[in-house]
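Data block for run-v2.pdb (PDB, C-alpha atoms):
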```pdb
ATOM      1  CA  MET C   1     -29.984 -27.296 -13.582
ATOM      2  CA  ALA C   2     -30.864 -29.767 -10.820
ATOM      3  CA  LYS C   3     -27.501 -31.565 -11.117
ATOM      4  CA  PHE C   4     -25.646 -28.334 -10.249
ATOM      5  CA  SER C   5     -25.209 -27.068  -6.705
ATOM      6  CA  GLN C   6     -27.325 -24.148  -5.531
ATOM      7  CA  LEU C   7     -24.233 -21.925  -5.539
ATOM      8  CA  THR C   8     -23.464 -22.836  -9.148
ATOM      9  CA  GLN C   9     -27.078 -22.188 -10.133
ATOM     10  CA  SER C  10     -26.932 -18.830  -8.352
ATOM     11  CA  ILE C  11     -23.831 -17.876 -10.348
ATOM     12  CA  PHE C  12     -25.619 -18.779 -13.595
ATOM     13  CA  TRP C  13     -28.618 -16.626 -12.636
ATOM     14  CA  MET C  14     -26.338 -13.714 -11.710
ATOM     15  CA  LEU C  15     -24.638 -14.066 -15.086
ATOM     16  CA  GLY C  16     -28.072 -13.601 -16.642
ATOM     17  CA  ALA C  17     -28.649 -10.506 -14.499
ATOM     18  CA  MET C  18     -25.274  -9.023 -15.460
ATOM     19  CA  ILE C  19     -25.909  -9.559 -19.164
ATOM     20  CA  SER C  20     -29.379  -8.025 -18.791
ATOM     21  CA  PHE C  21     -28.111  -4.910 -16.999
ATOM     22  CA  THR C  22     -25.297  -4.481 -19.518
ATOM     23  CA  LEU C  23     -27.628  -4.764 -22.510
ATOM     24  CA  MET C  24     -30.063  -2.333 -20.890
ATOM     25  CA  ALA C  25     -27.278   0.216 -20.308
ATOM     26  CA  VAL C  26     -26.030   0.027 -23.897
ATOM     27  CA  SER C  27     -29.568   0.182 -25.324
ATOM     28  CA  GLY C  28     -30.464   3.126 -23.085
ATOM     29  CA  ARG C  29     -27.439   5.054 -24.314
ATOM     30  CA  GLU C  30     -28.262   4.287 -27.954
ATOM     31  CA  LEU C  31     -31.860   5.454 -27.506
ATOM     32  CA  PHE C  32     -30.919   8.750 -25.840
ATOM     33  CA  SER C  33     -29.939  10.373 -29.152
ATOM     34  CA  SER C  34     -33.433   9.685 -30.524
ATOM     35  CA  LEU C  35     -35.826   9.697 -27.539
ATOM     36  CA  ASP C  36     -35.809  11.573 -24.230
ATOM     37  CA  THR C  37     -35.911   9.663 -20.948
ATOM     38  CA  PHE C  38     -39.677  10.135 -20.493
ATOM     39  CA  GLU C  39     -40.364   8.735 -23.943
ATOM     40  CA  ILE C  40     -38.083   5.767 -23.265
ATOM     41  CA  MET C  41     -39.959   5.117 -20.013
ATOM     42  CA  LEU C  42     -43.331   5.479 -21.772
ATOM     43  CA  TYR C  43     -42.642   2.846 -24.405
ATOM     44  CA  ARG C  44     -40.903   0.617 -21.891
ATOM     45  CA  SER C  45     -43.912   0.812 -19.548
ATOM     46  CA  LEU C  46     -46.375   0.068 -22.366
ATOM     47  CA  ALA C  47     -44.361  -3.024 -23.239
ATOM     48  CA  GLY C  48     -44.244  -3.816 -19.524
ATOM     49  CA  ILE C  49     -48.046  -3.891 -19.326
ATOM     50  CA  LEU C  50     -48.154  -6.561 -22.027
ATOM     51  CA  LEU C  51     -45.384  -8.570 -20.348
ATOM     52  CA  VAL C  52     -46.944  -8.437 -16.863
ATOM     53  CA  LEU C  53     -50.400  -9.407 -18.180
ATOM     54  CA  ALA C  54     -48.870 -12.236 -20.223
ATOM     55  CA  PHE C  55     -46.922 -13.599 -17.231
ATOM     56  CA  GLY C  56     -49.950 -13.171 -14.972
ATOM     57  CA  LYS C  57     -52.123 -15.064 -17.445
ATOM     58  CA  TYR C  58     -49.531 -17.828 -17.847
ATOM     59  CA  PHE C  59     -49.060 -18.330 -14.089
ATOM     60  CA  ASN C  60     -52.754 -17.685 -13.333
ATOM     61  CA  THR C  61     -52.027 -14.823 -10.903
ATOM     62  CA  LEU C  62     -54.093 -12.019 -12.443
ATOM     63  CA  ASN C  63     -56.737 -12.580  -9.742
ATOM     64  CA  GLN C  64     -54.140 -11.395  -7.192
ATOM     65  CA  ILE C  65     -54.304  -7.800  -8.480
ATOM     66  CA  ARG C  66     -55.984  -5.629  -5.838
ATOM     67  CA  VAL C  67     -56.784  -1.935  -5.441
ATOM     68  CA  GLU C  68     -56.044  -1.487  -1.730
ATOM     69  CA  ASN C  69     -53.326   0.892  -0.493
ATOM     70  CA  LEU C  70     -52.780   2.578  -3.851
ATOM     71  CA  PHE C  71     -51.017   5.450  -2.086
ATOM     72  CA  LEU C  72     -48.127   3.175  -1.089
ATOM     73  CA  HIS C  73     -48.020   1.861  -4.659
ATOM     74  CA  PHE C  74     -47.892   5.488  -5.802
ATOM     75  CA  VAL C  75     -44.960   6.305  -3.463
ATOM     76  CA  ARG C  76     -43.101   3.209  -4.607
ATOM     77  CA  ASN C  77     -43.667   3.846  -8.290
ATOM     78  CA  ILE C  78     -42.982   7.598  -8.310
ATOM     79  CA  SER C  79     -39.671   6.859  -6.564
ATOM     80  CA  HIS C  80     -38.824   4.169  -9.098
ATOM     81  CA  PHE C  81     -39.907   6.445 -11.952
ATOM     82  CA  GLY C  82     -37.583   9.198 -10.727
ATOM     83  CA  GLY C  83     -34.656   6.835 -10.213
ATOM     84  CA  GLN C  84     -35.116   5.172 -13.583
ATOM     85  CA  ASN C  85     -35.279   8.521 -15.408
ATOM     86  CA  PHE C  86     -32.140   9.690 -13.602
ATOM     87  CA  TRP C  87     -30.516   6.397 -14.669
ATOM     88  CA  PHE C  88     -31.413   6.764 -18.352
ATOM     89  CA  TYR C  89     -30.344  10.425 -18.334
ATOM     90  CA  ALA C  90     -26.980   9.757 -16.692
ATOM     91  CA  ILE C  91     -26.197   6.643 -18.760
ATOM     92  CA  ALA C  92     -25.834   8.784 -21.888
ATOM     93  CA  LEU C  93     -23.613  11.452 -20.348
ATOM     94  CA  ILE C  94     -21.204   9.853 -17.858
ATOM     95  CA  PRO C  95     -19.024   6.697 -18.088
ATOM     96  CA  PHE C  96     -20.771   3.374 -17.534
ATOM     97  CA  SER C  97     -18.421   2.497 -14.668
ATOM     98  CA  GLN C  98     -19.198   5.745 -12.863
ATOM     99  CA  LEU C  99     -22.970   5.272 -13.107
ATOM    100  CA  PHE C 100     -22.865   1.648 -11.954
ATOM    101  CA  ALA C 101     -20.729   2.623  -8.960
ATOM    102  CA  PHE C 102     -23.421   5.127  -7.944
ATOM    103  CA  GLU C 103     -26.120   2.492  -8.423
ATOM    104  CA  PHE C 104     -24.262   0.068  -6.153
ATOM    105  CA  SER C 105     -24.490   2.611  -3.328
ATOM    106  CA  THR C 106     -28.277   2.104  -3.040
ATOM    107  CA  PRO C 107     -28.027  -0.306  -0.043
ATOM    108  CA  LEU C 108     -26.030   2.317   1.862
ATOM    109  CA  PHE C 109     -28.896   4.799   1.581
ATOM    110  CA  ILE C 110     -31.334   2.086   2.676
ATOM    111  CA  VAL C 111     -29.396   1.935   5.967
ATOM    112  CA  PHE C 112     -30.766   5.382   6.889
ATOM    113  CA  LEU C 113     -34.307   4.840   5.581
ATOM    114  CA  ALA C 114     -34.941   1.362   7.011
ATOM    115  CA  PRO C 115     -34.975   2.429  10.704
ATOM    116  CA  ILE C 116     -37.542   5.142   9.912
ATOM    117  CA  PHE C 117     -39.955   3.160   7.761
ATOM    118  CA  LEU C 118     -39.267  -0.500   8.611
ATOM    119  CA  GLY C 119     -38.276  -0.187  12.254
ATOM    120  CA  GLU C 120     -34.884  -1.793  11.654
ATOM    121  CA  LEU C 121     -31.985  -1.111  14.008
ATOM    122  CA  LEU C 122     -29.376   1.478  12.991
ATOM    123  CA  THR C 123     -26.107   0.181  14.467
ATOM    124  CA  LYS C 124     -22.645   1.726  14.711
ATOM    125  CA  GLU C 125     -21.399  -0.951  12.321
ATOM    126  CA  LYS C 126     -23.963   0.076   9.694
ATOM    127  CA  LEU C 127     -23.055   3.737  10.157
ATOM    128  CA  PHE C 128     -19.374   2.867   9.715
ATOM    129  CA  ALA C 129     -20.202   0.885   6.562
ATOM    130  CA  SER C 130     -22.199   3.805   5.165
ATOM    131  CA  GLY C 131     -19.344   6.195   5.939
ATOM    132  CA  ILE C 132     -16.897   4.047   3.957
ATOM    133  CA  GLY C 133     -19.369   3.839   1.095
ATOM    134  CA  PHE C 134     -19.933   7.600   1.102
ATOM    135  CA  ILE C 135     -16.183   8.199   0.788
ATOM    136  CA  GLY C 136     -16.268   5.818  -2.176
ATOM    137  CA  ILE C 137     -19.103   7.810  -3.768
ATOM    138  CA  ILE C 138     -17.113  11.041  -3.408
ATOM    139  CA  LEU C 139     -14.120   9.390  -5.078
ATOM    140  CA  VAL C 140     -16.265   8.127  -7.936
ATOM    141  CA  ALA C 141     -18.014  11.465  -8.454
ATOM    142  CA  ARG C 142     -15.024  13.753  -7.797
ATOM    143  CA  PRO C 143     -17.390  16.760  -7.762
ATOM    144  CA  ASP C 144     -16.114  20.020  -9.222
ATOM    145  CA  LEU C 145     -17.845  22.708  -7.167
ATOM    146  CA  ASN C 146     -17.038  25.281  -9.841
ATOM    147  CA  SER C 147     -18.822  23.332 -12.555
ATOM    148  CA  ILE C 148     -22.101  21.582 -11.763
ATOM    149  CA  SER C 149     -22.743  18.488 -13.845
ATOM    150  CA  TRP C 150     -26.434  17.671 -14.076
ATOM    151  CA  ALA C 151     -25.546  14.135 -15.119
ATOM    152  CA  LEU C 152     -23.582  13.590 -11.888
ATOM    153  CA  ILE C 153     -26.430  15.125  -9.863
ATOM    154  CA  ALA C 154     -28.797  12.664 -11.538
ATOM    155  CA  ALA C 155     -26.395   9.795 -10.819
ATOM    156  CA  PHE C 156     -26.219  10.826  -7.148
ATOM    157  CA  LEU C 157     -30.016  11.085  -6.814
ATOM    158  CA  LEU C 158     -30.805   7.752  -8.465
ATOM    159  CA  PRO C 159     -29.629   5.512  -5.564
ATOM    160  CA  ILE C 160     -31.703   7.625  -3.155
ATOM    161  CA  CYS C 161     -34.769   7.032  -5.343
ATOM    162  CA  PHE C 162     -33.962   3.320  -5.646
ATOM    163  CA  ALA C 163     -33.508   3.086  -1.859
ATOM    164  CA  ALA C 164     -36.958   4.631  -1.326
ATOM    165  CA  THR C 165     -38.319   2.185  -3.910
ATOM    166  CA  ALA C 166     -36.787  -0.764  -2.045
ATOM    167  CA  ILE C 167     -38.302   0.351   1.271
ATOM    168  CA  ALA C 168     -41.758   0.797  -0.275
ATOM    169  CA  THR C 169     -41.446  -2.554  -2.063
ATOM    170  CA  LYS C 170     -40.600  -4.266   1.233
ATOM    171  CA  LEU C 171     -43.762  -2.797   2.779
ATOM    172  CA  LEU C 172     -45.859  -3.810  -0.229
ATOM    173  CA  THR C 173     -44.626  -7.413  -0.188
ATOM    174  CA  ARG C 174     -46.156  -7.770   3.265
ATOM    175  CA  GLN C 175     -49.607  -7.304   1.721
ATOM    176  CA  PHE C 176     -49.475  -7.945  -2.026
ATOM    177  CA  SER C 177     -48.170 -10.496  -4.529
ATOM    178  CA  LEU C 178     -45.439  -9.840  -7.070
ATOM    179  CA  THR C 179     -47.997  -9.742  -9.892
ATOM    180  CA  CYS C 180     -50.015  -7.054  -8.102
ATOM    181  CA  ILE C 181     -46.911  -4.935  -7.393
ATOM    182  CA  LEU C 182     -45.643  -5.203 -10.973
ATOM    183  CA  PHE C 183     -49.094  -4.472 -12.427
ATOM    184  CA  TRP C 184     -49.419  -1.161 -10.599
ATOM    185  CA  LEU C 185     -45.768  -0.415 -11.397
ATOM    186  CA  VAL C 186     -46.282  -0.542 -15.162
ATOM    187  CA  ILE C 187     -49.722   1.104 -15.036
ATOM    188  CA  MET C 188     -48.653   4.057 -12.896
ATOM    189  CA  GLN C 189     -45.367   4.548 -14.710
ATOM    190  CA  THR C 190     -47.201   4.606 -18.014
ATOM    191  CA  VAL C 191     -49.339   7.456 -16.657
ATOM    192  CA  PHE C 192     -46.304   9.297 -15.233
ATOM    193  CA  SER C 193     -44.425   8.907 -18.508
ATOM    194  CA  LEU C 194     -47.378  10.002 -20.609
ATOM    195  CA  ILE C 195     -47.776  13.180 -18.547
ATOM    196  CA  CYS C 196     -44.064  14.038 -18.561
ATOM    197  CA  ALA C 197     -43.436  13.125 -22.195
ATOM    198  CA  GLY C 198     -46.614  14.732 -23.475
ATOM    199  CA  TYR C 199     -46.671  17.979 -21.497
ATOM    200  CA  ASP C 200     -45.713  19.837 -24.687
ATOM    201  CA  PHE C 201     -48.149  17.745 -26.780
ATOM    202  CA  SER C 202     -45.225  16.251 -28.666
ATOM    203  CA  ILE C 203     -44.290  12.598 -28.182
ATOM    204  CA  LYS C 204     -41.836  11.213 -30.666
ATOM    205  CA  VAL C 205     -42.716   7.939 -32.322
ATOM    206  CA  PRO C 206     -39.753   5.530 -32.276
ATOM    207  CA  THR C 207     -38.162   4.727 -35.608
ATOM    208  CA  LYS C 208     -37.465   1.250 -36.922
ATOM    209  CA  SER C 209     -33.872   1.573 -35.753
ATOM    210  CA  ASP C 210     -35.108   2.412 -32.231
ATOM    211  CA  MET C 211     -37.367  -0.635 -31.922
ATOM    212  CA  PRO C 212     -34.667  -3.271 -31.227
ATOM    213  CA  PHE C 213     -33.193  -1.120 -28.433
ATOM    214  CA  LEU C 214     -36.656  -0.421 -26.970
ATOM    215  CA  LEU C 215     -37.389  -4.133 -26.992
ATOM    216  CA  ILE C 216     -34.098  -4.887 -25.229
ATOM    217  CA  VAL C 217     -34.717  -2.182 -22.590
ATOM    218  CA  SER C 218     -38.232  -3.507 -21.956
ATOM    219  CA  VAL C 219     -37.289  -7.170 -21.694
ATOM    220  CA  THR C 220     -33.992  -6.818 -19.817
ATOM    221  CA  GLY C 221     -35.594  -4.542 -17.234
ATOM    222  CA  LEU C 222     -37.720  -7.548 -16.290
ATOM    223  CA  THR C 223     -35.180 -10.347 -16.764
ATOM    224  CA  ALA C 224     -32.482  -8.550 -14.756
ATOM    225  CA  HIS C 225     -34.599  -8.387 -11.614
ATOM    226  CA  LEU C 226     -36.062 -11.856 -12.113
ATOM    227  CA  CYS C 227     -32.539 -13.315 -12.409
ATOM    228  CA  MET C 228     -31.353 -11.474  -9.297
ATOM    229  CA  THR C 229     -34.406 -12.577  -7.314
ATOM    230  CA  LYS C 230     -33.778 -16.196  -8.329
ATOM    231  CA  ALA C 231     -30.083 -15.904  -7.429
ATOM    232  CA  PHE C 232     -30.917 -14.525  -3.971
ATOM    233  CA  SER C 233     -33.312 -17.446  -3.414
ATOM    234  CA  LEU C 234     -30.504 -19.948  -4.092
ATOM    235  CA  ALA C 235     -27.619 -18.380  -2.141
ATOM    236  CA  SER C 236     -27.069 -15.936   0.701
ATOM    237  CA  VAL C 237     -26.816 -12.211   0.092
ATOM    238  CA  SER C 238     -23.179 -12.203   1.216
ATOM    239  CA  VAL C 239     -22.397 -14.638  -1.616
ATOM    240  CA  VAL C 240     -24.535 -13.066  -4.343
ATOM    241  CA  MET C 241     -23.568  -9.412  -3.799
ATOM    242  CA  PRO C 242     -19.832  -9.911  -4.548
ATOM    243  CA  ILE C 243     -20.864 -11.718  -7.752
ATOM    244  CA  ASP C 244     -23.097  -8.775  -8.642
ATOM    245  CA  PHE C 245     -20.107  -6.434  -8.436
ATOM    246  CA  VAL C 246     -18.596  -8.241 -11.429
ATOM    247  CA  ARG C 247     -21.033  -6.034 -13.355
ATOM    248  CA  LEU C 248     -18.657  -3.111 -12.814
ATOM    249  CA  PRO C 249     -15.585  -4.487 -14.657
ATOM    250  CA  LEU C 250     -17.921  -5.992 -17.277
ATOM    251  CA  ILE C 251     -19.628  -2.685 -18.093
ATOM    252  CA  SER C 252     -16.277  -0.888 -17.845
ATOM    253  CA  MET C 253     -14.876  -3.213 -20.507
ATOM    254  CA  VAL C 254     -17.903  -2.501 -22.739
ATOM    255  CA  GLY C 255     -17.345   1.236 -22.265
ATOM    256  CA  TYR C 256     -13.654   0.870 -23.084
ATOM    257  CA  LEU C 257     -14.151  -1.262 -26.198
ATOM    258  CA  PHE C 258     -17.152   0.482 -27.768
ATOM    259  CA  TYR C 259     -17.281   4.023 -26.333
ATOM    260  CA  ASN C 260     -13.603   4.875 -25.713
ATOM    261  CA  GLU C 261     -14.205   5.265 -21.976
ATOM    262  CA  VAL C 262     -11.252   5.165 -19.593
ATOM    263  CA  LEU C 263     -11.488   3.393 -16.247
ATOM    264  CA  THR C 264      -9.619   5.742 -13.874
ATOM    265  CA  TRP C 265      -7.957   4.772 -10.605
ATOM    266  CA  TYR C 266     -10.338   6.868  -8.501
ATOM    267  CA  ILE C 267     -13.404   5.138  -9.983
ATOM    268  CA  VAL C 268     -11.776   1.760  -9.198
ATOM    269  CA  LEU C 269     -10.850   2.792  -5.640
ATOM    270  CA  GLY C 270     -14.222   4.425  -5.034
ATOM    271  CA  SER C 271     -16.034   1.341  -6.319
ATOM    272  CA  VAL C 272     -13.977  -0.882  -4.007
ATOM    273  CA  LEU C 273     -14.927   1.308  -1.028
ATOM    274  CA  VAL C 274     -18.615   1.156  -2.010
ATOM    275  CA  PHE C 275     -18.303  -2.641  -2.205
ATOM    276  CA  VAL C 276     -16.555  -2.821   1.198
ATOM    277  CA  GLY C 277     -19.246  -0.647   2.755
ATOM    278  CA  ASN C 278     -21.975  -2.857   1.291
ATOM    279  CA  TYR C 279     -20.234  -6.031   2.419
ATOM    280  CA  ILE C 280     -19.790  -4.809   6.015
ATOM    281  CA  ASN C 281     -23.468  -3.863   6.052
ATOM    282  CA  ILE C 282     -24.498  -7.299   4.727
ATOM    283  CA  LYS C 283     -22.419  -9.175   7.306
ATOM    284  CA  ALA C 284     -23.801  -6.972  10.094
ATOM    285  CA  GLU C 285     -27.365  -7.738   8.999
ATOM    286  CA  GLU C 286     -26.588 -11.478   8.806
ATOM    287  CA  ARG C 287     -25.295 -11.398  12.394
ATOM    288  CA  VAL C 288     -28.458  -9.633  13.553
ATOM    289  CA  GLN C 289     -30.668 -12.200  11.804
ATOM    290  CA  SER C 290     -28.589 -15.074  13.163
ATOM    291  CA  HIS C 291     -28.917 -13.682  16.699
ATOM    292  CA  GLU C 292     -32.685 -13.323  16.255
ATOM    293  CA  ARG C 293     -32.976 -16.937  15.048
ATOM    294  CA  VAL C 294     -30.956 -18.217  18.023
ATOM    295  CA  SER C 295     -33.006 -16.127  20.456
ATOM    296  CA  GLY C 296     -36.231 -17.383  18.862
ATOM    297  CA  SER C 297     -35.084 -21.002  19.129
ATOM    298  CA  GLU C 298     -34.165 -20.524  22.800
ATOM    299  CA  ARG C 299     -37.589 -19.026  23.540
ATOM    300  CA  GLN C 300     -39.330 -21.939  21.805
ATOM    301  CA  TYR C 301     -37.231 -24.412  23.788
ATOM    302  CA  LYS C 302     -38.072 -22.715  27.098
ATOM    303  CA  ASP C 303     -41.764 -22.603  26.199
ATOM    304  CA  SER C 304     -41.776 -26.313  25.336
ATOM    305  CA  VAL C 305     -40.073 -27.138  28.646
TER     306      VAL C 305
END
```

What would the structure in this file look like if it were written as structure tokens?
Amino acid sequence: MAKFSQLTQSIFWMLGAMISFTLMAVSGRELFSSLDTFEIMLYRSLAGILLVLAFGKYFNTLNQIRVENLFLHFVRNISHFGGQNFWFYAIALIPFSQLFAFEFSTPLFIVFLAPIFLGELLTKEKLFASGIGFIGIILVARPDLNSISWALIAAFLLPICFAATAIATKLLTRQFSLTCILFWLVIMQTVFSLICAGYDFSIKVPTKSDMPFLLIVSVTGLTAHLCMTKAFSLASVSVVMPIDFVRLPLISMVGYLFYNEVLTWYIVLGSVLVFVGNYINIKAEERVQSHERVSGSERQYKDSV
């Protein structure tokens, strides 16, 4: 990969992320007829424990696991648990394209949470971007007030949960390593899943036909985020995010070919508005960071003089 430019490498990594997310969506839908969302999360988390311990052993980072600030880990993981269950529930009941459009709205919700918990500035430009994105969400959802769809409610709540997860993760990365964060993620979510799946003392054991899909869900959940993290390390957010939106036509094509789903004009238009809102927000944040770097350089120059 060294002979390729960083941008080309980033595109390759994003391709891996898109394939991972697509396989996870298809596998989640296939599992829904056999297992409920809590059971899916339980088996996925158990597999996650093995994967995290294996990676930690391989990279010699298990000694980085610490027990401080477990409350923040709890907040992060209960938010992620809620969002992931909403995701698995909605993936079986609404079109792929509709769910992914909701998921892409997560950064717009972060705009409102970041000033409260991270002390980031809420600008008029970010508010404008969020407003455009919200209009896009309404177009994608097209809510019928006379008929409440629990799947659409779940799809609307999942980006809020993922936004809270992102904020908590940002706070955790200031104190803990990736291995530590992932360890408490899989441990806590195993406990959450066990409680929710076993409240009626009945947890279904996956069949042989379920096992391939469970394996795909477990592995792709890890590879998707690893690929995205690597892509972001090689190229700027403003370059990577538009590539990430290729996931929408890709999953829409899968829905059309294998599940007879129709990609409607309002989902396309709404998705475009969500993308525009995200892009305006990204460019606004880049300008803020650029201004801070210039100001910092000027202060260093004055101090040296």

Give one line per residue of region 42-154 of chain C that approaches region 17-37 of chain C to at most 9 Å, naming the two atoms of the closest pair and their distance in Å to one decimal, counting all atoms listed in the file; sort by chain then ascending residue number and deliver it as JSON lines.
```
{"residue": "C:Leu42", "atom": "CA", "partner": "C:Thr37", "partner_atom": "CA", "distance": 8.6}
{"residue": "C:Gln84", "atom": "CA", "partner": "C:Thr37", "partner_atom": "CA", "distance": 8.7}
{"residue": "C:Asn85", "atom": "CA", "partner": "C:Thr37", "partner_atom": "CA", "distance": 5.7}
{"residue": "C:Phe86", "atom": "CA", "partner": "C:Thr37", "partner_atom": "CA", "distance": 8.3}
{"residue": "C:Trp87", "atom": "CA", "partner": "C:Thr37", "partner_atom": "CA", "distance": 8.9}
{"residue": "C:Phe88", "atom": "CA", "partner": "C:Thr37", "partner_atom": "CA", "distance": 5.9}
{"residue": "C:Tyr89", "atom": "CA", "partner": "C:Thr37", "partner_atom": "CA", "distance": 6.2}
{"residue": "C:Ala90", "atom": "CA", "partner": "C:Arg29", "partner_atom": "CA", "distance": 9.0}
{"residue": "C:Ile91", "atom": "CA", "partner": "C:Arg29", "partner_atom": "CA", "distance": 5.9}
{"residue": "C:Ala92", "atom": "CA", "partner": "C:Arg29", "partner_atom": "CA", "distance": 4.7}
{"residue": "C:Leu93", "atom": "CA", "partner": "C:Arg29", "partner_atom": "CA", "distance": 8.4}
{"residue": "C:Phe96", "atom": "CA", "partner": "C:Ala25", "partner_atom": "CA", "distance": 7.7}
```

Point (-30.7, -12.4, -8.4), cut-off 12 Å, counting all atoms listed in the file, residues as a PDB file with C-alpha atoms, in the coordinates of the input:
```pdb
ATOM      1  CA  LEU C   7     -24.233 -21.925  -5.539  1.00  0.00           C
ATOM      2  CA  GLN C   9     -27.078 -22.188 -10.133  1.00  0.00           C
ATOM      3  CA  SER C  10     -26.932 -18.830  -8.352  1.00  0.00           C
ATOM      4  CA  ILE C  11     -23.831 -17.876 -10.348  1.00  0.00           C
ATOM      5  CA  PHE C  12     -25.619 -18.779 -13.595  1.00  0.00           C
ATOM      6  CA  TRP C  13     -28.618 -16.626 -12.636  1.00  0.00           C
ATOM      7  CA  MET C  14     -26.338 -13.714 -11.710  1.00  0.00           C
ATOM      8  CA  LEU C  15     -24.638 -14.066 -15.086  1.00  0.00           C
ATOM      9  CA  GLY C  16     -28.072 -13.601 -16.642  1.00  0.00           C
ATOM     10  CA  ALA C  17     -28.649 -10.506 -14.499  1.00  0.00           C
ATOM     11  CA  MET C  18     -25.274  -9.023 -15.460  1.00  0.00           C
ATOM     12  CA  SER C  20     -29.379  -8.025 -18.791  1.00  0.00           C
ATOM     13  CA  PHE C  21     -28.111  -4.910 -16.999  1.00  0.00           C
ATOM     14  CA  LEU C 222     -37.720  -7.548 -16.290  1.00  0.00           C
ATOM     15  CA  THR C 223     -35.180 -10.347 -16.764  1.00  0.00           C
ATOM     16  CA  ALA C 224     -32.482  -8.550 -14.756  1.00  0.00           C
ATOM     17  CA  HIS C 225     -34.599  -8.387 -11.614  1.00  0.00           C
ATOM     18  CA  LEU C 226     -36.062 -11.856 -12.113  1.00  0.00           C
ATOM     19  CA  CYS C 227     -32.539 -13.315 -12.409  1.00  0.00           C
ATOM     20  CA  MET C 228     -31.353 -11.474  -9.297  1.00  0.00           C
ATOM     21  CA  THR C 229     -34.406 -12.577  -7.314  1.00  0.00           C
ATOM     22  CA  LYS C 230     -33.778 -16.196  -8.329  1.00  0.00           C
ATOM     23  CA  ALA C 231     -30.083 -15.904  -7.429  1.00  0.00           C
ATOM     24  CA  PHE C 232     -30.917 -14.525  -3.971  1.00  0.00           C
ATOM     25  CA  SER C 233     -33.312 -17.446  -3.414  1.00  0.00           C
ATOM     26  CA  LEU C 234     -30.504 -19.948  -4.092  1.00  0.00           C
ATOM     27  CA  ALA C 235     -27.619 -18.380  -2.141  1.00  0.00           C
ATOM     28  CA  SER C 236     -27.069 -15.936   0.701  1.00  0.00           C
ATOM     29  CA  VAL C 237     -26.816 -12.211   0.092  1.00  0.00           C
ATOM     30  CA  VAL C 239     -22.397 -14.638  -1.616  1.00  0.00           C
ATOM     31  CA  VAL C 240     -24.535 -13.066  -4.343  1.00  0.00           C
ATOM     32  CA  MET C 241     -23.568  -9.412  -3.799  1.00  0.00           C
ATOM     33  CA  PRO C 242     -19.832  -9.911  -4.548  1.00  0.00           C
ATOM     34  CA  ILE C 243     -20.864 -11.718  -7.752  1.00  0.00           C
ATOM     35  CA  ASP C 244     -23.097  -8.775  -8.642  1.00  0.00           C
TER      36      ASP C 244
END
```

Expected residue set, 12 Å radius at (-47.1, 2.8, -2.7), all atoms listed in the file, as a ChimeraX atom specification: /C:67-80,164-173,175-176,180-182,184-185,188

Padding 3 Å on each side, edges along x, y and z: where is the centre of the box around the listed atoms of region 201-211 of chain C, and how long are its edges in Å to one decimal? Output it as JSON.
```
{"center_x": -41.0, "center_y": 8.6, "center_z": -31.9, "size_x": 20.3, "size_y": 24.4, "size_z": 16.1}
```

CA of Val262 (chain C) to CA of Gln98 (chain C): how many Å, to one decimal? 10.4 Å

Hits of the PyMOL selection byres ((chain C and resi 111) around 12) in this structure, as a ChimeraX atom specification: /C:105-110,112-131,133,160,163-164,166-167,277-278,280-282,284-285

Filtering to C-alpha atoms, could you give me those residues as an mmCIF file, keeping the file's coordinate frame?
```cif
data_model
loop_
_atom_site.group_PDB
_atom_site.id
_atom_site.type_symbol
_atom_site.label_atom_id
_atom_site.label_comp_id
_atom_site.auth_asym_id
_atom_site.auth_seq_id
_atom_site.Cartn_x
_atom_site.Cartn_y
_atom_site.Cartn_z
ATOM 1 C CA SER C 105 -24.490 2.611 -3.328
ATOM 2 C CA THR C 106 -28.277 2.104 -3.040
ATOM 3 C CA PRO C 107 -28.027 -0.306 -0.043
ATOM 4 C CA LEU C 108 -26.030 2.317 1.862
ATOM 5 C CA PHE C 109 -28.896 4.799 1.581
ATOM 6 C CA ILE C 110 -31.334 2.086 2.676
ATOM 7 C CA PHE C 112 -30.766 5.382 6.889
ATOM 8 C CA LEU C 113 -34.307 4.840 5.581
ATOM 9 C CA ALA C 114 -34.941 1.362 7.011
ATOM 10 C CA PRO C 115 -34.975 2.429 10.704
ATOM 11 C CA ILE C 116 -37.542 5.142 9.912
ATOM 12 C CA PHE C 117 -39.955 3.160 7.761
ATOM 13 C CA LEU C 118 -39.267 -0.500 8.611
ATOM 14 C CA GLY C 119 -38.276 -0.187 12.254
ATOM 15 C CA GLU C 120 -34.884 -1.793 11.654
ATOM 16 C CA LEU C 121 -31.985 -1.111 14.008
ATOM 17 C CA LEU C 122 -29.376 1.478 12.991
ATOM 18 C CA THR C 123 -26.107 0.181 14.467
ATOM 19 C CA LYS C 124 -22.645 1.726 14.711
ATOM 20 C CA GLU C 125 -21.399 -0.951 12.321
ATOM 21 C CA LYS C 126 -23.963 0.076 9.694
ATOM 22 C CA LEU C 127 -23.055 3.737 10.157
ATOM 23 C CA PHE C 128 -19.374 2.867 9.715
ATOM 24 C CA ALA C 129 -20.202 0.885 6.562
ATOM 25 C CA SER C 130 -22.199 3.805 5.165
ATOM 26 C CA GLY C 131 -19.344 6.195 5.939
ATOM 27 C CA GLY C 133 -19.369 3.839 1.095
ATOM 28 C CA ILE C 160 -31.703 7.625 -3.155
ATOM 29 C CA ALA C 163 -33.508 3.086 -1.859
ATOM 30 C CA ALA C 164 -36.958 4.631 -1.326
ATOM 31 C CA ALA C 166 -36.787 -0.764 -2.045
ATOM 32 C CA ILE C 167 -38.302 0.351 1.271
ATOM 33 C CA GLY C 277 -19.246 -0.647 2.755
ATOM 34 C CA ASN C 278 -21.975 -2.857 1.291
ATOM 35 C CA ILE C 280 -19.790 -4.809 6.015
ATOM 36 C CA ASN C 281 -23.468 -3.863 6.052
ATOM 37 C CA ILE C 282 -24.498 -7.299 4.727
ATOM 38 C CA ALA C 284 -23.801 -6.972 10.094
ATOM 39 C CA GLU C 285 -27.365 -7.738 8.999
#
```
